[in-house]
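Q: Quick one: this structure, given as structure tokens, is what I'll be asking you about.
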Amino acid sequence: MSDSQVDKIYQSVAKERQRTDYPASFPVLPPVPSARYCSQALYDLEMEHVWKKSWLRAGHISELPKDGSYKLFEQLGLSIIISRGVDGQVRAFHNICRHRGSPLVINTQGTARRFVCPYHAWGYNTRGKLDSVPEERNFPCLDKDKNGLLPVLCAVKRGVIYINLDDDAQPLEDYLAFEDREIGDFPLEEMEVKHVVQVEMDCNWKTALDNFLEIYHVSTVHTKTIAPYLDSKSNIIDLYKQGHARLATAKRGQSIFQSEKTASETLGAIFKDHNIAVLRFPNNFTAIDPMGFAWQTWWPAGLNKTVMEVSVMGWPGDSDEDKAFWAGMKQQILDIAAEDQYLFAPIQRSLNSGLLPTVTMGYQERVLYWYQEQIDRLIGVDKVPEHLRIQQVLSDHVSD
């Protein structure tokens, strides 16, 4: 992070602490139709225009430790092989044999220098090329060059693996350009995934995501776990193009994760004395901490069903002490998340009831409104049913 950006955060945090009135230059956020959280029509539009056209986190390079390593991405009703080929390149393919549709890979993670269909043994190399067909004489019209694995657009940025279901998507570097300015000196590529946990939630994906994008609830819900470590009144927010955002909050002393483990000593002080949290639209949230942190993603599994995936990100080490620390950190993260989750199903019930026509969002909840705007922009505002539409009011309040 540049010195000018660090100075800007410090100054903005100090100014926010002193704020006593609503900012005169900032628009009052219009009411948000509560039906956005329970409309099948909007959900279907999101699936088509948001989830099939956005860059999605599919893993971390540490989960593919050697050539031939693979893992499965199984969200959104899909099964996609994320593979480090024998040439070292990371690629993604739909987990579908071109013969009759059998999945090629059954285990969620492993090593394979070739992918061989368990049904009829059609074989593919790690570049996706179909290179062997048992009894090939029985397929006189088969063109193996045209029947390789179905590729998925895949890119790696600073150790994080992303996929996009749209072959014409903008380059990942452009999509996440803001990230270099915000966390550029935090060595994500040096980290490891220590644990992955999935939690099912009985709510719309936006109902769950909203909770993690505002600090307003922390003093009430996380009285003993988070509130003692964060100065909530110092929270500042920068909105970025394409629905992204960064939140920064001054810490009160140490991290909530007590350990001597930390990133490189060259890491900027801003990460040690501030909680720097990043939303990568549509569903990635990381509250970055030098001792390690949770990389959280929320996946729609139905109109009123969400899967939260938590990857515990930490530093290399395999001693018994290390394992005990990261196991404890995983449990601490899940315990904190559980403080929120018991509210989600009842909130969704209220939204589904039709008794609450709109929901209200304040200044410190503007990230929630911002990503809702982005959803409509991706769908096409005119294509969103009028009673569900979000007013576009924040575009003049986006950071460069």
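In the structure tokens, chains take letters A, B, ... by order of appearance, with residues numbered from 1 within each chain and ligands from 1 in the order shown.
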Fewer than 3 positions away in the same chain doesn't count, so skip those; otherwise give me all residues within 6 Å of segment 247-251 of chain A, counting only C-alpha atoms, as a list in words.
A: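 So, after excluding close chain neighbours, the residues are Tyr229, Leu230, Asp231, Ser234, Asn235, Ile236, Ile237, Asp273, His274, Asn275, Ile276 and Ala277 of chain A.
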Q: Where does DSSP see alpha helix (DSSP H) in segment 220-384 of chain A, if you list the residues as a PyMOL selection string?
A: chain A and resi 220-221+270-273+320-341+344-352+366-379
Q: So that I can see what lies close to Ile333 of chain A, please list as a ChimeraX atom specification the residues with an atom at most 8 Å from it, counting only C-alpha atoms and leaving out residues fewer than 4 positions away in the same chain.
A: /A:294,329,337
Q: Any idea what's packed within 6 Å of Ser79 of chain A, counting only C-alpha atoms, ignoring anything in its chain fewer than 3 positions away? Could you give it as an MDAnalysis selection string?
A: chainID A and resid 73:74 95
Q: Store the residues of this selection in a file with all heavy atoms, as a compact mmCIF listing (two decimals), in the first residue's frame.
A:
# COMPACT_ATOMS: atom_id res chain seq x y z
N PHE A 73 -14.13 -27.44 -7.64
CA PHE A 73 -15.01 -26.32 -7.30
C PHE A 73 -16.43 -26.82 -7.51
O PHE A 73 -16.80 -27.18 -8.63
CB PHE A 73 -14.72 -25.12 -8.21
CG PHE A 73 -15.71 -24.00 -8.09
CD1 PHE A 73 -15.53 -22.98 -7.17
CD2 PHE A 73 -16.84 -23.96 -8.90
CE1 PHE A 73 -16.45 -21.94 -7.07
CE2 PHE A 73 -17.76 -22.93 -8.81
CZ PHE A 73 -17.57 -21.93 -7.89
N GLU A 74 -17.20 -26.89 -6.42
CA GLU A 74 -18.56 -27.43 -6.52
C GLU A 74 -19.55 -26.48 -5.86
O GLU A 74 -19.99 -26.68 -4.73
CB GLU A 74 -18.61 -28.82 -5.88
CG GLU A 74 -17.78 -29.84 -6.66
CD GLU A 74 -17.94 -31.26 -6.16
OE1 GLU A 74 -17.59 -31.51 -5.00
OE2 GLU A 74 -18.42 -32.11 -6.94
N ASN A 95 -16.06 -30.68 -15.02
CA ASN A 95 -15.82 -32.08 -14.64
C ASN A 95 -16.83 -32.98 -15.35
O ASN A 95 -17.67 -33.63 -14.73
CB ASN A 95 -15.95 -32.20 -13.11
CG ASN A 95 -15.58 -33.57 -12.59
OD1 ASN A 95 -14.84 -34.32 -13.24
ND2 ASN A 95 -16.08 -33.91 -11.41
Q: Which residues come within 7 Å of Gly148 of chain A, counting only C-alpha atoms, excluding same-chain residues fewer than 2 positions away, as a short mmCIF file (atom, residue, chain, number, x, y, z; two decimals) with N, CA, C and O atoms, in the first residue's frame?
A:
data_model
loop_
_atom_site.label_atom_id
_atom_site.label_comp_id
_atom_site.auth_asym_id
_atom_site.auth_seq_id
_atom_site.Cartn_x
_atom_site.Cartn_y
_atom_site.Cartn_z
N GLY A 128 -6.28 -30.81 -20.95
CA GLY A 128 -7.67 -31.00 -21.34
C GLY A 128 -7.86 -31.74 -22.63
O GLY A 128 -9.00 -31.96 -23.06
N LYS A 129 -6.79 -32.16 -23.28
CA LYS A 129 -6.89 -32.84 -24.58
C LYS A 129 -7.32 -34.30 -24.39
O LYS A 129 -6.79 -35.00 -23.54
N LEU A 130 -8.28 -34.73 -25.19
CA LEU A 130 -8.67 -36.14 -25.22
C LEU A 130 -7.58 -36.91 -25.95
O LEU A 130 -7.35 -36.70 -27.14
N LYS A 144 -10.95 -36.35 -31.91
CA LYS A 144 -10.46 -36.16 -30.53
C LYS A 144 -10.03 -34.71 -30.28
O LYS A 144 -10.17 -34.22 -29.15
N ASP A 145 -9.55 -34.03 -31.31
CA ASP A 145 -9.12 -32.64 -31.12
C ASP A 145 -10.29 -31.72 -30.79
O ASP A 145 -10.09 -30.65 -30.21
N LYS A 146 -11.48 -32.13 -31.16
CA LYS A 146 -12.66 -31.29 -30.89
C LYS A 146 -13.46 -31.79 -29.69
O LYS A 146 -14.55 -31.27 -29.42
N LEU A 150 -14.14 -29.41 -21.51
CA LEU A 150 -14.71 -28.07 -21.70
C LEU A 150 -14.00 -27.10 -20.77
O LEU A 150 -14.09 -27.21 -19.54
#
Q: Please provide the set of residues having any atom within 12 Å of Arg113 of chain A, restricted to only C-alpha atoms, with same-chain residues fewer than 4 positions apart removed, written as an mmCIF file with all heavy atoms, in the first residue's frame.
A:
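Okay, part.cif is ready:
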data_model
loop_
_atom_site.group_PDB
_atom_site.id
_atom_site.type_symbol
_atom_site.label_atom_id
_atom_site.label_comp_id
_atom_site.auth_asym_id
_atom_site.auth_seq_id
_atom_site.Cartn_x
_atom_site.Cartn_y
_atom_site.Cartn_z
ATOM 1 N N LYS A 66 1.661 -29.296 -5.955
ATOM 2 C CA LYS A 66 2.636 -29.822 -6.902
ATOM 3 C C LYS A 66 1.967 -30.054 -8.249
ATOM 4 O O LYS A 66 0.741 -30.068 -8.366
ATOM 5 C CB LYS A 66 3.239 -31.118 -6.385
ATOM 6 C CG LYS A 66 2.219 -32.227 -6.116
ATOM 7 C CD LYS A 66 2.875 -33.455 -5.492
ATOM 8 C CE LYS A 66 1.846 -34.542 -5.181
ATOM 9 N NZ LYS A 66 2.468 -35.729 -4.552
ATOM 10 N N ASP A 67 2.781 -30.209 -9.280
ATOM 11 C CA ASP A 67 2.254 -30.485 -10.617
ATOM 12 C C ASP A 67 1.392 -31.746 -10.563
ATOM 13 O O ASP A 67 1.789 -32.764 -9.985
ATOM 14 C CB ASP A 67 3.398 -30.674 -11.612
ATOM 15 C CG ASP A 67 4.185 -29.391 -11.842
ATOM 16 O OD1 ASP A 67 3.764 -28.347 -11.312
ATOM 17 O OD2 ASP A 67 5.225 -29.448 -12.524
ATOM 18 N N GLY A 68 0.219 -31.667 -11.147
ATOM 19 C CA GLY A 68 -0.718 -32.775 -11.129
ATOM 20 C C GLY A 68 -1.758 -32.655 -10.030
ATOM 21 O O GLY A 68 -2.742 -33.411 -10.017
ATOM 22 N N SER A 69 -1.591 -31.698 -9.106
ATOM 23 C CA SER A 69 -2.591 -31.502 -8.048
ATOM 24 C C SER A 69 -3.876 -30.935 -8.634
ATOM 25 O O SER A 69 -3.852 -30.168 -9.592
ATOM 26 C CB SER A 69 -2.064 -30.540 -6.985
ATOM 27 O OG SER A 69 -0.935 -31.041 -6.324
ATOM 28 N N TYR A 70 -4.989 -31.319 -8.038
ATOM 29 C CA TYR A 70 -6.266 -30.753 -8.460
ATOM 30 C C TYR A 70 -7.191 -30.618 -7.254
ATOM 31 O O TYR A 70 -6.986 -31.225 -6.203
ATOM 32 C CB TYR A 70 -6.947 -31.630 -9.524
ATOM 33 C CG TYR A 70 -7.520 -32.926 -8.972
ATOM 34 C CD1 TYR A 70 -8.797 -32.965 -8.395
ATOM 35 C CD2 TYR A 70 -6.785 -34.107 -9.008
ATOM 36 C CE1 TYR A 70 -9.310 -34.143 -7.860
ATOM 37 C CE2 TYR A 70 -7.299 -35.284 -8.477
ATOM 38 C CZ TYR A 70 -8.556 -35.294 -7.906
ATOM 39 O OH TYR A 70 -9.077 -36.446 -7.374
ATOM 40 N N SER A 83 -6.944 -27.447 -11.754
ATOM 41 C CA SER A 83 -5.798 -28.354 -11.859
ATOM 42 C C SER A 83 -4.502 -27.585 -12.101
ATOM 43 O O SER A 83 -4.465 -26.630 -12.872
ATOM 44 C CB SER A 83 -6.037 -29.329 -13.017
ATOM 45 O OG SER A 83 -4.860 -30.017 -13.371
ATOM 46 N N ARG A 84 -3.449 -28.029 -11.407
ATOM 47 C CA ARG A 84 -2.094 -27.580 -11.770
ATOM 48 C C ARG A 84 -1.548 -28.654 -12.698
ATOM 49 O O ARG A 84 -1.275 -29.788 -12.268
ATOM 50 C CB ARG A 84 -1.204 -27.431 -10.539
ATOM 51 C CG ARG A 84 0.176 -26.850 -10.876
ATOM 52 C CD ARG A 84 1.178 -27.126 -9.771
ATOM 53 N NE ARG A 84 0.998 -26.312 -8.602
ATOM 54 C CZ ARG A 84 1.703 -25.200 -8.329
ATOM 55 N NH1 ARG A 84 2.615 -24.790 -9.169
ATOM 56 N NH2 ARG A 84 1.482 -24.539 -7.212
ATOM 57 N N GLY A 85 -1.406 -28.319 -13.964
ATOM 58 C CA GLY A 85 -0.994 -29.300 -14.961
ATOM 59 C C GLY A 85 0.422 -29.792 -14.738
ATOM 60 O O GLY A 85 1.177 -29.261 -13.920
ATOM 61 N N VAL A 86 0.785 -30.824 -15.489
ATOM 62 C CA VAL A 86 2.148 -31.341 -15.374
ATOM 63 C C VAL A 86 3.167 -30.315 -15.835
ATOM 64 O O VAL A 86 4.359 -30.438 -15.549
ATOM 65 C CB VAL A 86 2.305 -32.657 -16.171
ATOM 66 C CG1 VAL A 86 1.448 -33.763 -15.558
ATOM 67 C CG2 VAL A 86 1.959 -32.461 -17.646
ATOM 68 N N ASP A 87 2.700 -29.276 -16.549
ATOM 69 C CA ASP A 87 3.568 -28.181 -16.962
ATOM 70 C C ASP A 87 3.571 -27.040 -15.946
ATOM 71 O O ASP A 87 4.190 -26.003 -16.170
ATOM 72 C CB ASP A 87 3.149 -27.660 -18.330
ATOM 73 C CG ASP A 87 1.701 -27.154 -18.357
ATOM 74 O OD1 ASP A 87 1.007 -27.280 -17.326
ATOM 75 O OD2 ASP A 87 1.273 -26.645 -19.410
ATOM 76 N N GLY A 88 2.869 -27.224 -14.828
ATOM 77 C CA GLY A 88 2.849 -26.214 -13.783
ATOM 78 C C GLY A 88 1.776 -25.152 -13.933
ATOM 79 O O GLY A 88 1.567 -24.348 -13.029
ATOM 80 N N GLY A 123 -9.623 -40.945 -21.687
ATOM 81 C CA GLY A 123 -8.542 -40.294 -20.958
ATOM 82 C C GLY A 123 -8.182 -38.935 -21.530
ATOM 83 O O GLY A 123 -8.147 -38.741 -22.753
ATOM 84 N N TYR A 124 -7.891 -37.990 -20.625
ATOM 85 C CA TYR A 124 -7.551 -36.612 -21.002
ATOM 86 C C TYR A 124 -6.268 -36.213 -20.284
ATOM 87 O O TYR A 124 -6.053 -36.561 -19.121
ATOM 88 C CB TYR A 124 -8.668 -35.644 -20.585
ATOM 89 C CG TYR A 124 -10.041 -36.001 -21.099
ATOM 90 C CD1 TYR A 124 -10.809 -36.998 -20.474
ATOM 91 C CD2 TYR A 124 -10.591 -35.359 -22.200
ATOM 92 C CE1 TYR A 124 -12.072 -37.327 -20.933
ATOM 93 C CE2 TYR A 124 -11.857 -35.689 -22.674
ATOM 94 C CZ TYR A 124 -12.589 -36.672 -22.037
ATOM 95 O OH TYR A 124 -13.844 -36.995 -22.508
ATOM 96 N N ASN A 125 -5.414 -35.449 -20.972
ATOM 97 C CA ASN A 125 -4.221 -34.961 -20.284
ATOM 98 C C ASN A 125 -4.558 -33.697 -19.499
ATOM 99 O O ASN A 125 -5.690 -33.202 -19.543
ATOM 100 C CB ASN A 125 -3.059 -34.755 -21.266
ATOM 101 C CG ASN A 125 -3.324 -33.647 -22.287
ATOM 102 O OD1 ASN A 125 -4.102 -32.718 -22.042
ATOM 103 N ND2 ASN A 125 -2.671 -33.739 -23.432
ATOM 104 N N THR A 126 -3.587 -33.168 -18.769
ATOM 105 C CA THR A 126 -3.879 -32.036 -17.885
ATOM 106 C C THR A 126 -4.037 -30.719 -18.646
ATOM 107 O O THR A 126 -4.360 -29.692 -18.040
ATOM 108 C CB THR A 126 -2.790 -31.875 -16.807
ATOM 109 O OG1 THR A 126 -1.505 -31.736 -17.427
ATOM 110 C CG2 THR A 126 -2.800 -33.075 -15.868
ATOM 111 N N ARG A 127 -3.824 -30.754 -19.954
ATOM 112 C CA ARG A 127 -4.172 -29.600 -20.783
ATOM 113 C C ARG A 127 -5.618 -29.685 -21.268
ATOM 114 O O ARG A 127 -6.112 -28.790 -21.941
ATOM 115 C CB ARG A 127 -3.240 -29.505 -22.000
ATOM 116 C CG ARG A 127 -1.794 -29.166 -21.660
ATOM 117 C CD ARG A 127 -0.935 -29.181 -22.909
ATOM 118 N NE ARG A 127 0.439 -28.817 -22.636
ATOM 119 C CZ ARG A 127 0.919 -27.579 -22.689
ATOM 120 N NH1 ARG A 127 0.121 -26.584 -23.025
ATOM 121 N NH2 ARG A 127 2.184 -27.334 -22.419
ATOM 122 N N GLY A 128 -6.281 -30.810 -20.949
ATOM 123 C CA GLY A 128 -7.667 -31.000 -21.337
ATOM 124 C C GLY A 128 -7.865 -31.739 -22.633
ATOM 125 O O GLY A 128 -9.004 -31.960 -23.063
#
Q: Residues near segment 38-45 of chain A, anyone? I mean within 9 Å using only C-alpha atoms, not counting same-chain ones fewer than 2 positions away, as a ChimeraX atom specification.
A: /A:34-36,47-50,203-204,302-304,348,351-352,379,383-385,388
Q: I'd like to know which of A:Arg349, A:Gly292, A:Pro118, A:Ala338 is closest to Asp202 of chain A, using only C-alpha atoms.
A: A:Arg349
Q: Identify which of the residues A:Pro27, A:Leu72, A:Ala287, A:Phe139 lies closest to Gln392 of chain A, counting only C-alpha atoms when measuring atom-to-atom distances.
A: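 Checking each of A:Pro27, A:Leu72, A:Ala287, A:Phe139 against Gln392 of chain A, counting only C-alpha atoms, the winner is A:Pro27.
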Q: From a DSSP calculation on the backbone, collect every residue of segment 192-299 of chain A in strand (DSSP E or B) and output the set as an MDAnalysis selection string.
A: chainID A and resid 192:201 230 236:239 245:251 274:280 284:288 293:299
